[in-house]
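Engineer: What follows is coords-v5.cif, mmCIF, C-alpha atoms and all ligand atoms.
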data_protein
#
loop_
_atom_site.group_PDB
_atom_site.id
_atom_site.type_symbol
_atom_site.label_atom_id
_atom_site.label_comp_id
_atom_site.auth_asym_id
_atom_site.auth_seq_id
_atom_site.Cartn_x
_atom_site.Cartn_y
_atom_site.Cartn_z
ATOM 1 C CA MET A 708 15.650 0.565 13.966
ATOM 2 C CA GLU A 709 13.126 -0.073 11.189
ATOM 3 C CA ASP A 710 11.435 -2.748 13.310
ATOM 4 C CA VAL A 711 10.989 -0.224 16.124
ATOM 5 C CA ARG A 712 9.561 2.362 13.730
ATOM 6 C CA GLU A 713 7.098 -0.172 12.334
ATOM 7 C CA GLY A 714 6.150 -1.208 15.867
ATOM 8 C CA VAL A 715 5.387 2.401 16.746
ATOM 9 C CA ILE A 716 3.217 2.750 13.654
ATOM 10 C CA ALA A 717 1.376 -0.492 14.490
ATOM 11 C CA ALA A 718 0.716 0.892 17.972
ATOM 12 C CA ARG A 719 -0.554 4.156 16.451
ATOM 13 C CA ILE A 720 -2.933 2.223 14.189
ATOM 14 C CA ALA A 721 -4.254 0.226 17.150
ATOM 15 C CA GLY A 722 -4.580 3.426 19.163
ATOM 16 C CA HIS A 723 -6.472 5.118 16.370
ATOM 17 C CA ALA A 724 -8.907 2.182 16.146
ATOM 18 C CA ALA A 725 -9.418 2.381 19.898
ATOM 19 C CA ASP A 726 -9.977 6.143 19.685
ATOM 20 C CA ILE A 727 -12.733 5.552 17.132
ATOM 21 C CA ALA A 728 -14.320 2.863 19.316
ATOM 22 C CA LYS A 729 -14.219 5.202 22.324
ATOM 23 C CA GLY A 730 -15.635 8.114 20.333
ATOM 24 C CA ILE A 731 -12.614 10.345 20.847
ATOM 25 C CA PRO A 732 -13.305 13.646 19.032
ATOM 26 C CA GLY A 733 -11.462 13.880 15.726
ATOM 27 C CA ALA A 734 -10.786 10.171 15.303
ATOM 28 C CA ILE A 735 -13.721 9.219 13.109
ATOM 29 C CA GLU A 736 -13.506 12.565 11.322
ATOM 30 C CA ARG A 737 -10.013 11.628 10.197
ATOM 31 C CA ASP A 738 -11.307 8.351 8.757
ATOM 32 C CA ILE A 739 -14.198 10.123 7.065
ATOM 33 C CA ALA A 740 -11.750 12.609 5.529
ATOM 34 C CA MET A 741 -9.665 9.661 4.351
ATOM 35 C CA ALA A 742 -12.724 7.993 2.804
ATOM 36 C CA GLN A 743 -13.637 11.234 1.037
ATOM 37 C CA ALA A 744 -10.073 11.608 -0.286
ATOM 38 C CA ARG A 745 -10.190 7.984 -1.458
ATOM 39 C CA LYS A 746 -13.474 8.642 -3.270
ATOM 40 C CA ARG A 747 -11.865 11.623 -5.024
ATOM 41 C CA LEU A 748 -8.775 9.485 -5.782
ATOM 42 C CA ASP A 749 -6.828 12.286 -4.112
ATOM 43 C CA TRP A 750 -3.612 10.451 -3.365
ATOM 44 C CA GLU A 751 -1.794 13.433 -1.850
ATOM 45 C CA GLN A 752 -4.587 13.981 0.674
ATOM 46 C CA GLN A 753 -4.662 10.263 1.495
ATOM 47 C CA ILE A 754 -0.924 10.327 2.143
ATOM 48 C CA GLN A 755 -1.267 13.384 4.383
ATOM 49 C CA LEU A 756 -4.101 11.780 6.374
ATOM 50 C CA SER A 757 -2.322 8.454 6.811
ATOM 51 C CA LEU A 758 -0.783 7.544 10.142
ATOM 52 C CA ASP A 759 2.626 7.250 8.469
ATOM 53 C CA PRO A 760 2.776 9.751 5.609
ATOM 54 C CA ALA A 761 6.459 9.139 4.883
ATOM 55 C CA ARG A 762 5.893 5.410 4.448
ATOM 56 C CA ALA A 763 2.693 5.943 2.472
ATOM 57 C CA ARG A 764 4.533 8.277 0.094
ATOM 58 C CA GLU A 765 7.437 5.866 -0.189
ATOM 59 C CA LEU A 766 5.091 3.010 -1.123
ATOM 60 C CA ARG A 767 3.154 5.130 -3.618
ATOM 61 C CA GLU A 768 6.344 6.330 -5.282
ATOM 62 C CA SER A 769 8.100 2.968 -5.272
ATOM 63 C CA SER A 770 5.338 1.271 -7.262
ATOM 64 C CA PRO A 771 3.686 3.866 -9.482
ATOM 65 C CA PRO A 772 0.551 2.795 -11.364
ATOM 66 C CA LEU A 773 0.399 3.108 -15.123
ATOM 67 C CA GLU A 774 -2.370 5.694 -14.704
ATOM 68 C CA ASP A 775 -1.954 8.432 -12.078
ATOM 69 C CA ASP A 776 -5.468 8.430 -10.664
ATOM 70 C CA VAL A 777 -5.553 4.780 -9.575
ATOM 71 C CA CYS A 778 -3.313 2.491 -7.560
ATOM 72 C CA THR A 779 -1.522 -0.680 -8.514
ATOM 73 C CA MET A 780 -4.074 -2.907 -6.785
ATOM 74 C CA CYS A 781 -6.696 -2.889 -9.566
ATOM 75 C CA GLY A 782 -5.080 -0.537 -12.067
ATOM 76 C CA GLU A 783 -7.334 0.236 -15.006
ATOM 77 C CA LEU A 784 -10.156 -1.736 -13.361
ATOM 78 C CA CYS A 785 -10.319 0.741 -10.445
ATOM 79 C CA ALA A 786 -13.879 0.551 -9.148
ATOM 80 C CA ILE A 787 -13.696 4.011 -7.618
ATOM 81 C CA ARG A 788 -12.638 5.619 -10.862
ATOM 82 C CA HIS A 789 -15.325 3.751 -12.776
ATOM 83 C CA GLY A 790 -17.845 4.771 -10.133
ATOM 84 C CA LYS A 791 -16.885 8.410 -10.689
ATOM 85 C CA VAL A 792 -17.313 8.033 -14.436
ATOM 86 C CA SER A 793 -20.754 6.437 -14.246
ATOM 87 C CA SER A 794 -22.275 8.711 -11.581
HETATM 88 S S1 LIG B 1 -7.266 0.683 -8.020
HETATM 89 FE FE1 LIG B 1 -8.511 -0.629 -6.675
HETATM 90 S S2 LIG B 1 -7.574 -0.495 -4.645
HETATM 91 FE FE2 LIG B 1 -6.788 1.198 -5.894
HETATM 92 S S3 LIG B 1 -8.135 2.927 -5.460
HETATM 93 FE FE3 LIG B 1 -8.991 1.892 -7.238
HETATM 94 S S4 LIG B 1 -10.480 0.424 -6.420
HETATM 95 FE FE4 LIG B 1 -9.162 1.069 -4.737
#
So that I can check it, write out the structure of this file as structure tokens.

Structural biologist:
Amino acid sequence: MEDVREGVIAARIAGHAADIAKGIPGAIERDIAMAQARKRLDWEQQIQLSLDPARARELRESSPPLEDDVCTMCGELCAIRHGKVSS
């Protein structure tokens, strides 16, 4: 069942990429909103804008960073956070 769910999400991601390439209204706006949420380090908004919010939330909650405003990828070296501080 999980494999099917992940297959559906993969198809949705591919479809979204195709929608952007075709210029379907709303597709690129969603990505721009995601980029803006990422710049703000607004994790809740990023989860809501993701194509699989339940999975995004599960991943975020299953591996919490030491500091709330970053992710576990770079942690305290978060370039976005440092960019916010210096600008
Ligand atoms: S920690 Fe790294 S991957 Fe995570 S938001 Fe910051 S720059 Fe991006």

Engineer: To check your reading of the model: which residues sit at most 8 Å from ligand LIG 1 (chain B) when counting only C-alpha atoms and all ligand atoms? Write the answer as a list in words.

Structural biologist: Arg745, Leu748, Val777, Cys778, Thr779, Met780, Cys781, Gly782, Glu783, Leu784, Cys785, Ala786, Ile787 and Arg788 of chain A

Engineer: For the provided coordinates, the residues matched by the PyMOL selection byres (((chain A and resi 716) around 12) and not hetatm) should be stated as a PyMOL selection string.

Structural biologist: chain A and resi 709-715+717-723+757-763

Engineer: Hey, what's within 12 Å of Asp726 of chain A if we count all atoms listed in the file and toss same-chain stuff fewer than 6 positions away? As a list in words, please?

Structural biologist: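 After dropping sequence-adjacent residues, the list is Arg719, Ile720, Pro732, Gly733, Ala734, Ile735, Glu736, Arg737 and Asp738 of chain A.
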
Engineer: Just how far from atom CA of His789 of chain A is atom CA of Leu766 of chain A, in Å to one decimal?

Structural biologist: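 According to the coordinates, atom CA of Leu766 of chain A and atom CA of His789 of chain A are separated by 23.5 Å.
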
Engineer: Between atom CA of Glu768 of chain A and atom CA of Arg747 of chain A, what is the distance in Å, rounded to a tenth?

Structural biologist: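 Calculated distance between atom CA of Glu768 of chain A and atom CA of Arg747 of chain A is 19.0 Å.
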
Engineer: Measure the distance from atom CA of Ala742 of chain A to atom CA of Gln755 of chain A in Å and round it to one decimal.

Structural biologist: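 Computing it gives 12.8 Å between the two atoms.
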